[in-house]
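Asks: The following file, input08.pdb, comprises PDB, C-alpha atoms, pLDDT in the B column:
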```pdb
MODEL        1
ATOM      1  CA  PHE W   1      68.907  31.153  81.687  1.00 47.00           C
ATOM      2  CA  VAL W   2      68.269  33.452  84.651  1.00 42.00           C
ATOM      3  CA  SER W   3      68.619  37.242  84.467  1.00 40.00           C
ATOM      4  CA  PHE W   4      69.070  39.681  87.312  1.00 37.00           C
ATOM      5  CA  CYS W   5      68.069  43.322  87.450  1.00 34.00           C
ATOM      6  CA  MET W   6      69.986  45.539  89.906  1.00 39.00           C
ATOM      7  CA  ILE W   7      68.268  48.739  91.028  1.00 38.00           C
ATOM      8  CA  ARG W   8      70.470  51.414  92.575  1.00 49.00           C
ATOM      9  CA  ARG W   9      69.076  53.956  95.013  1.00 54.00           C
ATOM     10  CA  PRO W  10      70.202  57.565  95.115  1.00 63.00           C
ATOM     11  CA  PRO W  11      72.727  58.362  97.848  1.00 63.00           C
ATOM     12  CA  LYS W  12      71.257  59.548 101.089  1.00 60.00           C
ATOM     13  CA  ALA W  13      72.342  61.300 104.262  1.00 55.00           C
ATOM     14  CA  THR W  14      73.102  59.091 107.218  1.00 45.00           C
ATOM     15  CA  MET W  15      70.993  61.543 109.198  1.00 31.00           C
ATOM     16  CA  ASP W  16      67.206  61.599 109.068  1.00 30.00           C
ATOM     17  CA  ARG W  17      66.004  62.876 105.700  1.00 31.00           C
ATOM     18  CA  SER W  18      64.268  65.758 107.491  1.00 32.00           C
ATOM     19  CA  ALA W  19      67.652  67.115 108.585  1.00 38.00           C
ATOM     20  CA  ALA W  20      69.059  69.601 106.110  1.00 41.00           C
ATOM     21  CA  ALA W  21      72.525  69.076 104.709  1.00 44.00           C
ATOM     22  CA  SER W  22      73.504  72.410 106.232  1.00 43.00           C
ATOM     23  CA  ASP W  23      73.226  70.676 109.602  1.00 46.00           C
ATOM     24  CA  VAL W  24      75.875  68.188 108.477  1.00 46.00           C
ATOM     25  CA  TYR W  25      78.392  70.855 107.527  1.00 50.00           C
ATOM     26  CA  LYS W  26      78.281  74.522 108.460  1.00 50.00           C
ATOM     27  CA  ARG W  27      81.210  76.900 108.906  1.00 52.00           C
ATOM     28  CA  GLN W  28      80.813  80.226 110.653  1.00 58.00           C
ATOM     29  CA  GLY W  29      82.604  83.439 111.433  1.00 89.00           C
ATOM     30  CA  LYS W  30      84.615  84.283 108.322  1.00 95.00           C
ATOM     31  CA  ASN W  31      86.133  87.768 108.327  1.00 97.00           C
ATOM     32  CA  ALA W  32      85.179  89.303 104.990  1.00 98.00           C
ATOM     33  CA  CYS W  33      82.957  91.850 103.305  1.00 98.00           C
ATOM     34  CA  LYS W  34      79.706  90.579 101.819  1.00 98.00           C
ATOM     35  CA  ALA W  35      81.062  91.191  98.308  1.00 98.00           C
ATOM     36  CA  ASN W  36      83.888  88.732  99.038  1.00 98.00           C
ATOM     37  CA  ALA W  37      81.787  86.075 100.768  1.00 98.00           C
ATOM     38  CA  GLU W  38      82.181  83.426  98.051  1.00 97.00           C
ATOM     39  CA  THR W  39      85.951  83.933  97.913  1.00 97.00           C
ATOM     40  CA  ALA W  40      86.402  83.939 101.684  1.00 97.00           C
ATOM     41  CA  ALA W  41      84.199  80.893 102.255  1.00 96.00           C
ATOM     42  CA  PRO W  42      84.140  78.997  98.941  1.00 97.00           C
ATOM     43  CA  PHE W  43      82.152  75.883  98.077  1.00 98.00           C
ATOM     44  CA  SER W  44      83.920  72.664  99.027  1.00 97.00           C
ATOM     45  CA  ALA W  45      82.790  69.390  97.479  1.00 98.00           C
ATOM     46  CA  ALA W  46      84.673  67.473 100.177  1.00 97.00           C
ATOM     47  CA  ASN W  47      82.714  69.265 102.875  1.00 96.00           C
ATOM     48  CA  ALA W  48      79.441  68.964 100.988  1.00 97.00           C
ATOM     49  CA  ILE W  49      79.466  65.150 100.950  1.00 97.00           C
ATOM     50  CA  GLN W  50      79.899  64.896 104.724  1.00 96.00           C
ATOM     51  CA  GLY W  51      77.132  62.745 106.180  1.00 96.00           C
ATOM     52  CA  TYR W  52      76.107  61.120 102.885  1.00 97.00           C
ATOM     53  CA  THR W  53      76.570  57.442 101.980  1.00 96.00           C
ATOM     54  CA  ASP W  54      75.892  55.243  98.970  1.00 95.00           C
ATOM     55  CA  ASN W  55      73.818  52.092  99.581  1.00 94.00           C
ATOM     56  CA  CYS W  56      76.426  50.060  97.713  1.00 94.00           C
ATOM     57  CA  GLY W  57      79.337  51.680  99.463  1.00 94.00           C
ATOM     58  CA  GLY W  58      80.473  53.561  96.363  1.00 95.00           C
ATOM     59  CA  VAL W  59      82.212  56.879  96.060  1.00 96.00           C
ATOM     60  CA  LEU W  60      80.075  60.017  96.154  1.00 97.00           C
ATOM     61  CA  THR W  61      80.649  63.388  94.540  1.00 97.00           C
ATOM     62  CA  ALA W  62      79.060  66.804  95.051  1.00 98.00           C
ATOM     63  CA  THR W  63      78.350  69.227  92.204  1.00 98.00           C
ATOM     64  CA  LEU W  64      77.528  72.867  92.888  1.00 98.00           C
ATOM     65  CA  THR W  65      74.305  74.015  91.222  1.00 98.00           C
ATOM     66  CA  ASN W  66      73.554  77.415  92.789  1.00 98.00           C
ATOM     67  CA  THR W  67      75.089  80.062  95.057  1.00 98.00           C
ATOM     68  CA  SER W  68      73.199  82.708  97.041  1.00 98.00           C
ATOM     69  CA  VAL W  69      74.646  85.487  99.207  1.00 98.00           C
ATOM     70  CA  THR W  70      72.341  87.334 101.603  1.00 98.00           C
ATOM     71  CA  GLY W  71      72.673  89.772 104.490  1.00 98.00           C
ATOM     72  CA  THR W  72      74.986  92.742 105.018  1.00 97.00           C
ATOM     73  CA  ASP W  73      78.693  93.357 105.511  1.00 97.00           C
ATOM     74  CA  CYS W  74      78.069  92.997 109.236  1.00 97.00           C
ATOM     75  CA  ASN W  75      76.240  89.663 108.997  1.00 97.00           C
ATOM     76  CA  TRP W  76      76.202  87.711 105.730  1.00 98.00           C
ATOM     77  CA  THR W  77      75.390  84.159 104.696  1.00 97.00           C
ATOM     78  CA  VAL W  78      76.557  82.399 101.558  1.00 98.00           C
ATOM     79  CA  SER W  79      74.398  79.368 100.748  1.00 97.00           C
ATOM     80  CA  TYR W  80      75.500  76.648  98.356  1.00 98.00           C
ATOM     81  CA  THR W  81      73.011  74.327  96.653  1.00 98.00           C
ATOM     82  CA  PHE W  82      74.462  71.127  95.261  1.00 98.00           C
ATOM     83  CA  THR W  83      73.691  67.659  93.938  1.00 98.00           C
ATOM     84  CA  ILE W  84      75.121  64.454  95.376  1.00 97.00           C
ATOM     85  CA  SER W  85      75.796  61.683  92.837  1.00 97.00           C
ATOM     86  CA  ASP W  86      77.081  58.109  93.070  1.00 96.00           C
ATOM     87  CA  VAL W  87      79.244  56.215  90.572  1.00 96.00           C
ATOM     88  CA  CYS W  88      76.152  55.040  88.670  1.00 96.00           C
ATOM     89  CA  GLY W  89      74.867  58.557  88.145  1.00 96.00           C
ATOM     90  CA  ASN W  90      72.039  58.397  90.668  1.00 96.00           C
ATOM     91  CA  LEU W  91      71.332  61.902  91.932  1.00 97.00           C
ATOM     92  CA  LEU W  92      70.210  63.464  95.184  1.00 97.00           C
ATOM     93  CA  THR W  93      69.360  67.050  94.241  1.00 97.00           C
ATOM     94  CA  GLY W  94      68.586  70.235  96.148  1.00 97.00           C
ATOM     95  CA  GLN W  95      71.062  69.773  99.003  1.00 97.00           C
ATOM     96  CA  THR W  96      72.441  72.857 100.748  1.00 97.00           C
ATOM     97  CA  TYR W  97      74.961  74.078 103.264  1.00 97.00           C
ATOM     98  CA  SER W  98      75.909  77.606 104.276  1.00 96.00           C
ATOM     99  CA  ASN W  99      78.844  79.626 105.554  1.00 96.00           C
ATOM    100  CA  THR W 100      78.440  82.818 107.555  1.00 96.00           C
ATOM    101  CA  GLY W 101      80.671  85.767 108.226  1.00 97.00           C
ATOM    102  CA  SER W 102      81.027  89.485 108.708  1.00 96.00           C
ATOM    103  CA  ASP W 103      83.394  92.407 108.431  1.00 97.00           C
ATOM    104  CA  GLN W 104      85.611  92.128 111.500  1.00 96.00           C
ATOM    105  CA  THR W 105      88.372  94.464 110.305  1.00 96.00           C
ATOM    106  CA  ALA W 106      88.761  97.903 111.869  1.00 96.00           C
ATOM    107  CA  PRO W 107      89.112 101.001 109.677  1.00 96.00           C
ATOM    108  CA  SER W 108      92.661 101.955 108.780  1.00 94.00           C
ATOM    109  CA  LEU W 109      94.544 105.151 108.054  1.00 93.00           C
ATOM    110  CA  THR W 110      95.056 105.023 104.291  1.00 95.00           C
ATOM    111  CA  GLY W 111      95.389 108.746 103.646  1.00 94.00           C
ATOM    112  CA  THR W 112      96.525 111.834 105.512  1.00 92.00           C
ATOM    113  CA  ALA W 113      95.088 112.266 108.997  1.00 90.00           C
ATOM    114  CA  TYR W 114      93.778 115.646 110.104  1.00 89.00           C
ATOM    115  CA  ALA W 115      96.636 117.451 111.878  1.00 85.00           C
ATOM    116  CA  GLY W 116      94.633 120.055 113.774  1.00 87.00           C
ATOM    117  CA  THR W 117      94.983 123.823 113.707  1.00 88.00           C
ATOM    118  CA  THR W 118      97.454 126.386 114.993  1.00 87.00           C
ATOM    119  CA  GLY W 119      97.285 130.013 116.023  1.00 89.00           C
ATOM    120  CA  THR W 120      93.834 130.010 117.648  1.00 91.00           C
ATOM    121  CA  ASN W 121      93.289 133.245 119.578  1.00 93.00           C
ATOM    122  CA  ALA W 122      91.875 132.244 122.973  1.00 93.00           C
ATOM    123  CA  CYS W 123      92.739 131.876 126.629  1.00 94.00           C
ATOM    124  CA  MET W 124      93.667 128.400 127.815  1.00 92.00           C
ATOM    125  CA  ALA W 125      90.389 128.144 129.765  1.00 94.00           C
ATOM    126  CA  SER W 126      88.485 128.577 126.482  1.00 93.00           C
ATOM    127  CA  ALA W 127      90.607 126.238 124.388  1.00 92.00           C
ATOM    128  CA  GLN W 128      87.922 123.594 123.893  1.00 92.00           C
ATOM    129  CA  THR W 129      85.352 126.204 122.926  1.00 93.00           C
ATOM    130  CA  ALA W 130      87.676 128.076 120.585  1.00 93.00           C
ATOM    131  CA  ALA W 131      88.931 124.920 118.860  1.00 92.00           C
ATOM    132  CA  PRO W 132      86.286 122.244 119.440  1.00 93.00           C
ATOM    133  CA  PHE W 133      86.433 118.598 118.452  1.00 92.00           C
ATOM    134  CA  ASN W 134      85.078 117.971 114.968  1.00 92.00           C
ATOM    135  CA  ALA W 135      84.130 114.405 114.001  1.00 93.00           C
ATOM    136  CA  ALA W 136      84.166 115.240 110.287  1.00 94.00           C
ATOM    137  CA  ASN W 137      87.783 116.354 110.587  1.00 92.00           C
ATOM    138  CA  ALA W 138      88.703 113.391 112.771  1.00 92.00           C
ATOM    139  CA  ILE W 139      87.753 110.783 110.151  1.00 94.00           C
ATOM    140  CA  GLN W 140      89.900 112.356 107.455  1.00 93.00           C
ATOM    141  CA  GLY W 141      92.293 109.801 105.986  1.00 93.00           C
ATOM    142  CA  TYR W 142      90.494 106.767 107.441  1.00 95.00           C
ATOM    143  CA  THR W 143      88.730 104.199 105.283  1.00 96.00           C
ATOM    144  CA  ASP W 144      86.762 101.020 105.825  1.00 97.00           C
ATOM    145  CA  ASN W 145      87.916  97.864 104.018  1.00 97.00           C
ATOM    146  CA  CYS W 146      84.318  97.318 102.843  1.00 98.00           C
ATOM    147  CA  LEU W 147      84.103 100.961 101.687  1.00 96.00           C
ATOM    148  CA  ALA W 148      81.370 101.776 104.205  1.00 97.00           C
ATOM    149  CA  PRO W 149      81.244 105.151 106.001  1.00 97.00           C
ATOM    150  CA  VAL W 150      83.301 105.604 109.160  1.00 97.00           C
ATOM    151  CA  THR W 151      82.502 107.658 112.256  1.00 96.00           C
ATOM    152  CA  ALA W 152      84.526 109.198 115.055  1.00 94.00           C
ATOM    153  CA  ALA W 153      83.630 109.154 118.751  1.00 94.00           C
ATOM    154  CA  LEU W 154      85.440 111.458 121.178  1.00 94.00           C
ATOM    155  CA  THR W 155      86.871 109.558 124.156  1.00 93.00           C
ATOM    156  CA  ASN W 156      89.075 112.084 125.926  1.00 92.00           C
ATOM    157  CA  THR W 157      90.082 115.751 125.926  1.00 93.00           C
ATOM    158  CA  SER W 158      93.284 117.163 127.418  1.00 92.00           C
ATOM    159  CA  VAL W 159      94.334 120.816 127.666  1.00 93.00           C
ATOM    160  CA  THR W 160      97.924 121.611 128.571  1.00 92.00           C
ATOM    161  CA  GLY W 161     100.212 124.655 128.580  1.00 92.00           C
ATOM    162  CA  THR W 162      99.509 128.261 129.542  1.00 92.00           C
ATOM    163  CA  ASP W 163      97.444 131.148 128.230  1.00 93.00           C
ATOM    164  CA  CYS W 164     100.470 132.114 126.158  1.00 93.00           C
ATOM    165  CA  ALA W 165     100.905 128.695 124.552  1.00 91.00           C
ATOM    166  CA  TRP W 166      98.280 126.003 125.064  1.00 92.00           C
ATOM    167  CA  THR W 167      97.466 122.712 123.352  1.00 91.00           C
ATOM    168  CA  VAL W 168      94.122 120.917 123.382  1.00 92.00           C
ATOM    169  CA  SER W 169      94.418 117.236 122.436  1.00 92.00           C
ATOM    170  CA  TYR W 170      91.395 115.220 121.347  1.00 91.00           C
ATOM    171  CA  THR W 171      91.548 111.451 121.592  1.00 91.00           C
ATOM    172  CA  PHE W 172      88.931 109.511 119.673  1.00 93.00           C
ATOM    173  CA  THR W 173      87.997 106.142 118.244  1.00 95.00           C
ATOM    174  CA  ILE W 174      87.138 105.467 114.604  1.00 95.00           C
ATOM    175  CA  PHE W 175      84.328 102.959 113.952  1.00 96.00           C
ATOM    176  CA  ASP W 176      83.013 101.367 110.774  1.00 97.00           C
ATOM    177  CA  GLU W 177      79.341 100.466 110.276  1.00 97.00           C
ATOM    178  CA  CYS W 178      79.937  97.097 111.963  1.00 96.00           C
ATOM    179  CA  ASN W 179      81.364  98.876 115.041  1.00 96.00           C
ATOM    180  CA  ASN W 180      84.902  97.633 114.498  1.00 95.00           C
ATOM    181  CA  PRO W 181      87.091 100.215 116.291  1.00 94.00           C
ATOM    182  CA  VAL W 182      90.481 101.743 115.683  1.00 86.00           C
ATOM    183  CA  SER W 183      92.293 101.979 119.021  1.00 64.00           C
ATOM    184  CA  TYR W 184      93.609 105.325 120.214  1.00 55.00           C
ATOM    185  CA  THR W 185      96.384 106.808 122.288  1.00 43.00           C
ATOM    186  CA  HIS W 186      96.778 109.919 124.424  1.00 37.00           C
ATOM    187  CA  LEU W 187      99.413 112.500 123.669  1.00 40.00           C
ATOM    188  CA  ARG W 188     102.239 112.097 126.160  1.00 34.00           C
ATOM    189  CA  ALA W 189     103.156 115.222 128.056  1.00 34.00           C
ATOM    190  CA  HIS W 190     106.833 115.050 127.214  1.00 34.00           C
ATOM    191  CA  GLU W 191     106.287 114.467 123.500  1.00 39.00           C
ATOM    192  CA  THR W 192     106.186 117.003 120.743  1.00 45.00           C
ATOM    193  CA  VAL W 193     103.795 116.456 117.883  1.00 52.00           C
ATOM    194  CA  LEU W 194     106.707 115.232 115.743  1.00 55.00           C
ATOM    195  CA  ASP W 195     107.786 112.789 118.479  1.00 48.00           C
ATOM    196  CA  LEU W 196     104.255 111.413 118.636  1.00 54.00           C
ATOM    197  CA  VAL W 197     104.030 110.871 114.878  1.00 57.00           C
ATOM    198  CA  CYS W 198     107.382 109.063 114.818  1.00 56.00           C
ATOM    199  CA  ARG W 199     106.438 106.804 117.731  1.00 46.00           C
ATOM    200  CA  LEU W 200     103.122 105.831 116.192  1.00 55.00           C
ATOM    201  CA  LEU W 201     104.789 104.950 112.910  1.00 59.00           C
ATOM    202  CA  LEU W 202     107.349 102.796 114.715  1.00 54.00           C
ATOM    203  CA  GLU W 203     104.715 101.015 116.757  1.00 47.00           C
ATOM    204  CA  LYS W 204     102.658 100.430 113.598  1.00 48.00           C
ATOM    205  CA  LYS W 205      99.424 100.697 115.498  1.00 46.00           C
ATOM    206  CA  HIS W 206      96.146 102.358 114.507  1.00 46.00           C
ATOM    207  CA  LYS W 207      95.940 105.286 116.895  1.00 49.00           C
ATOM    208  CA  SER W 208      94.249 108.650 116.574  1.00 57.00           C
ATOM    209  CA  VAL W 209      95.062 111.985 118.159  1.00 55.00           C
ATOM    210  CA  ILE W 210      94.164 115.473 116.933  1.00 58.00           C
ATOM    211  CA  ILE W 211      96.311 118.297 118.224  1.00 55.00           C
ATOM    212  CA  VAL W 212      95.098 121.897 118.245  1.00 58.00           C
ATOM    213  CA  ASP W 213      97.880 124.286 119.196  1.00 59.00           C
ATOM    214  CA  SER W 214      97.615 127.926 120.136  1.00 58.00           C
ATOM    215  CA  THR W 215     101.085 128.734 118.838  1.00 56.00           C
TER     216      THR W 215
ENDMDL
END
```
Would you put the structure from the file into structure tokens?
Replies:
Amino acid sequence: FVSFCMIRRPPKATMDRSAAASDVYKRQGKNACKANAETAAPFSAANAIQGYTDNCGGVLTATLTNTSVTGTDCNWTVSYTFTISDVCGNLLTGQTYSNTGSDQTAPSLTGTAYAGTTGTNACMASAQTAAPFNAANAIQGYTDNCLAPVTAALTNTSVTGTDCAWTVSYTFTIFDECNNPVSYTHLRAHETVLDLVCRLLLEKKHKSVIIVDST
């Protein structure tokens, strides 16, 4: 009577053992807030087993053991630690891969935008001084999808009309903390304020114009 003893080895990566599993599979560039990193770039067992083989040619599985999210909304990394097992229950522990991402979504107008003022008492030449651009007013109604603060940067100023009835128009861009911008438009000379609002709604674009009217 002859007996045989079969010894199974744990699965291993086809790469050199010094190469981390994250080098086998790594996905980058997801558009999401840090708080949503795991949802936007979830663990995938099918991806995790890439590069690993069983010495007997058996099927391998990956089991998630730990998740870690680091960084900021502008540059985050979600790291998954997992164990590779073969059909005989041999384990290769402490393997990792990571996904990266950031907030790539511009702020949006979710409330009521600042409409400007009317009735300012000033000559047309002093319009900008009498009714200056105000960044705090400009950001009214705008929010960031990651709930971070937003800022407004003035990009153009236009004064039209006469001393008896002038309009100073401020064009600006809204940024979130990751510098994602909301595009802007200039007030067209032939448009009334109501015409402008209607056109922007029809175009469904994120554009920002503050109108300060002397009338």
Asks: For CA of Ala106 (chain W) and CA of Gly141 (chain W), quote the distance in Å rounded to one decimal.
Replies: 13.7 Å
Asks: What lies within 8 Å of Asn31 (chain W) using only C-alpha atoms, ignoring chain neighbours under 5 positions off, as a list of chain:residue names?
Replies: W:Ala40, W:Gly101, W:Ser102, W:Asp103, W:Gln104, W:Thr105
Asks: Counting all atoms listed in the file, which residues of region 11-121 of chain W fall within 12 Å of region 167-183 of chain W, and what is the closest atom pair for each with its distance in Å at one decimal, ordered by chain and rising number, as JSON lines?
Replies:
```
{"residue": "W:Asn31", "atom": "CA", "partner": "W:Asn180", "partner_atom": "CA", "distance": 11.7}
{"residue": "W:Ala32", "atom": "CA", "partner": "W:Cys178", "partner_atom": "CA", "distance": 11.7}
{"residue": "W:Cys33", "atom": "CA", "partner": "W:Cys178", "partner_atom": "CA", "distance": 10.6}
{"residue": "W:Thr72", "atom": "CA", "partner": "W:Cys178", "partner_atom": "CA", "distance": 9.6}
{"residue": "W:Asp73", "atom": "CA", "partner": "W:Cys178", "partner_atom": "CA", "distance": 7.6}
{"residue": "W:Cys74", "atom": "CA", "partner": "W:Cys178", "partner_atom": "CA", "distance": 5.3}
{"residue": "W:Asn75", "atom": "CA", "partner": "W:Cys178", "partner_atom": "CA", "distance": 8.8}
{"residue": "W:Trp76", "atom": "CA", "partner": "W:Cys178", "partner_atom": "CA", "distance": 11.9}
{"residue": "W:Gly101", "atom": "CA", "partner": "W:Cys178", "partner_atom": "CA", "distance": 12.0}
{"residue": "W:Ser102", "atom": "CA", "partner": "W:Cys178", "partner_atom": "CA", "distance": 8.4}
{"residue": "W:Asp103", "atom": "CA", "partner": "W:Cys178", "partner_atom": "CA", "distance": 6.8}
{"residue": "W:Gln104", "atom": "CA", "partner": "W:Asn180", "partner_atom": "CA", "distance": 6.3}
{"residue": "W:Thr105", "atom": "CA", "partner": "W:Asn180", "partner_atom": "CA", "distance": 6.3}
{"residue": "W:Ala106", "atom": "CA", "partner": "W:Asn180", "partner_atom": "CA", "distance": 4.7}
{"residue": "W:Pro107", "atom": "CA", "partner": "W:Val182", "partner_atom": "CA", "distance": 6.2}
{"residue": "W:Ser108", "atom": "CA", "partner": "W:Val182", "partner_atom": "CA", "distance": 7.2}
{"residue": "W:Leu109", "atom": "CA", "partner": "W:Val182", "partner_atom": "CA", "distance": 9.3}
{"residue": "W:Ala113", "atom": "CA", "partner": "W:Ile174", "partner_atom": "CA", "distance": 11.9}
{"residue": "W:Tyr114", "atom": "CA", "partner": "W:Tyr170", "partner_atom": "CA", "distance": 11.5}
{"residue": "W:Ala115", "atom": "CA", "partner": "W:Ser169", "partner_atom": "CA", "distance": 10.8}
{"residue": "W:Gly116", "atom": "CA", "partner": "W:Ser169", "partner_atom": "CA", "distance": 9.1}
{"residue": "W:Thr117", "atom": "CA", "partner": "W:Thr167", "partner_atom": "CA", "distance": 10.0}
{"residue": "W:Thr118", "atom": "CA", "partner": "W:Thr167", "partner_atom": "CA", "distance": 9.1}
{"residue": "W:Gly119", "atom": "CA", "partner": "W:Thr167", "partner_atom": "CA", "distance": 10.3}
{"residue": "W:Thr120", "atom": "CA", "partner": "W:Thr167", "partner_atom": "CA", "distance": 9.9}
{"residue": "W:Asn121", "atom": "CA", "partner": "W:Thr167", "partner_atom": "CA", "distance": 11.9}
```
Asks: Please report the interatomic distance between CA of Leu147 (chain W) and CA of Phe43 (chain W) in Å with one decimal.
Replies: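 Separation between CA of Leu147 (chain W) and CA of Phe43 (chain W): 25.4 Å.
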Asks: Quick one: axis-aligned box around all listed atoms of region 67-82 of chain W, 3 Å on every side, centre and edge lengths in Å to one decimal, written as AutoDock Vina command-line options.
Replies:
```
--center_x 75.5 --center_y 82.2 --center_z 102.1 --size_x 12.4 --size_y 28.2 --size_z 20.2
```
Asks: Which one of W:Leu154, W:Val59, W:Ala135, W:Val78 sits closest to Glu38 (chain W) if you count only C-alpha atoms?
Replies: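 Smallest distance to Glu38 (chain W) is found for W:Val78.
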Asks: Would you list the residues near (89.9, 122.9, 121.0), meaning any protein, DNA or RNA residue with an atom at most 10 Å from that point in file coordinates, counting only C-alpha atoms, as a PyMOL selection string?
Replies: chain W and resi 116-117+120+122+124+126-134+157-159+166-170+210-214
Asks: Could you write those residues out with C-alpha atoms, as a PDB file, in the frame of the given file?
Replies:
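File written: part.pdb
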```pdb
ATOM      1  CA  GLY W 116      94.633 120.055 113.774  1.00 87.00           C
ATOM      2  CA  THR W 117      94.983 123.823 113.707  1.00 88.00           C
ATOM      3  CA  THR W 120      93.834 130.010 117.648  1.00 91.00           C
ATOM      4  CA  ALA W 122      91.875 132.244 122.973  1.00 93.00           C
ATOM      5  CA  MET W 124      93.667 128.400 127.815  1.00 92.00           C
ATOM      6  CA  SER W 126      88.485 128.577 126.482  1.00 93.00           C
ATOM      7  CA  ALA W 127      90.607 126.238 124.388  1.00 92.00           C
ATOM      8  CA  GLN W 128      87.922 123.594 123.893  1.00 92.00           C
ATOM      9  CA  THR W 129      85.352 126.204 122.926  1.00 93.00           C
ATOM     10  CA  ALA W 130      87.676 128.076 120.585  1.00 93.00           C
ATOM     11  CA  ALA W 131      88.931 124.920 118.860  1.00 92.00           C
ATOM     12  CA  PRO W 132      86.286 122.244 119.440  1.00 93.00           C
ATOM     13  CA  PHE W 133      86.433 118.598 118.452  1.00 92.00           C
ATOM     14  CA  ASN W 134      85.078 117.971 114.968  1.00 92.00           C
ATOM     15  CA  THR W 157      90.082 115.751 125.926  1.00 93.00           C
ATOM     16  CA  SER W 158      93.284 117.163 127.418  1.00 92.00           C
ATOM     17  CA  VAL W 159      94.334 120.816 127.666  1.00 93.00           C
ATOM     18  CA  TRP W 166      98.280 126.003 125.064  1.00 92.00           C
ATOM     19  CA  THR W 167      97.466 122.712 123.352  1.00 91.00           C
ATOM     20  CA  VAL W 168      94.122 120.917 123.382  1.00 92.00           C
ATOM     21  CA  SER W 169      94.418 117.236 122.436  1.00 92.00           C
ATOM     22  CA  TYR W 170      91.395 115.220 121.347  1.00 91.00           C
ATOM     23  CA  ILE W 210      94.164 115.473 116.933  1.00 58.00           C
ATOM     24  CA  ILE W 211      96.311 118.297 118.224  1.00 55.00           C
ATOM     25  CA  VAL W 212      95.098 121.897 118.245  1.00 58.00           C
ATOM     26  CA  ASP W 213      97.880 124.286 119.196  1.00 59.00           C
ATOM     27  CA  SER W 214      97.615 127.926 120.136  1.00 58.00           C
TER      28      SER W 214
END
```
Asks: Considering only C-alpha atoms, can you say which of W:Gln140, W:Gly58, W:Thr100, W:Thr63 comes closest to Cys88 (chain W)?
Replies: W:Gly58
Asks: With distances taken over only C-alpha atoms, which of W:Asn47, W:Ser79, W:Thr155, W:Ser85 is nearest to Leu60 (chain W)?
Replies: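 Smallest separation from Leu60 (chain W) among the options: W:Ser85.
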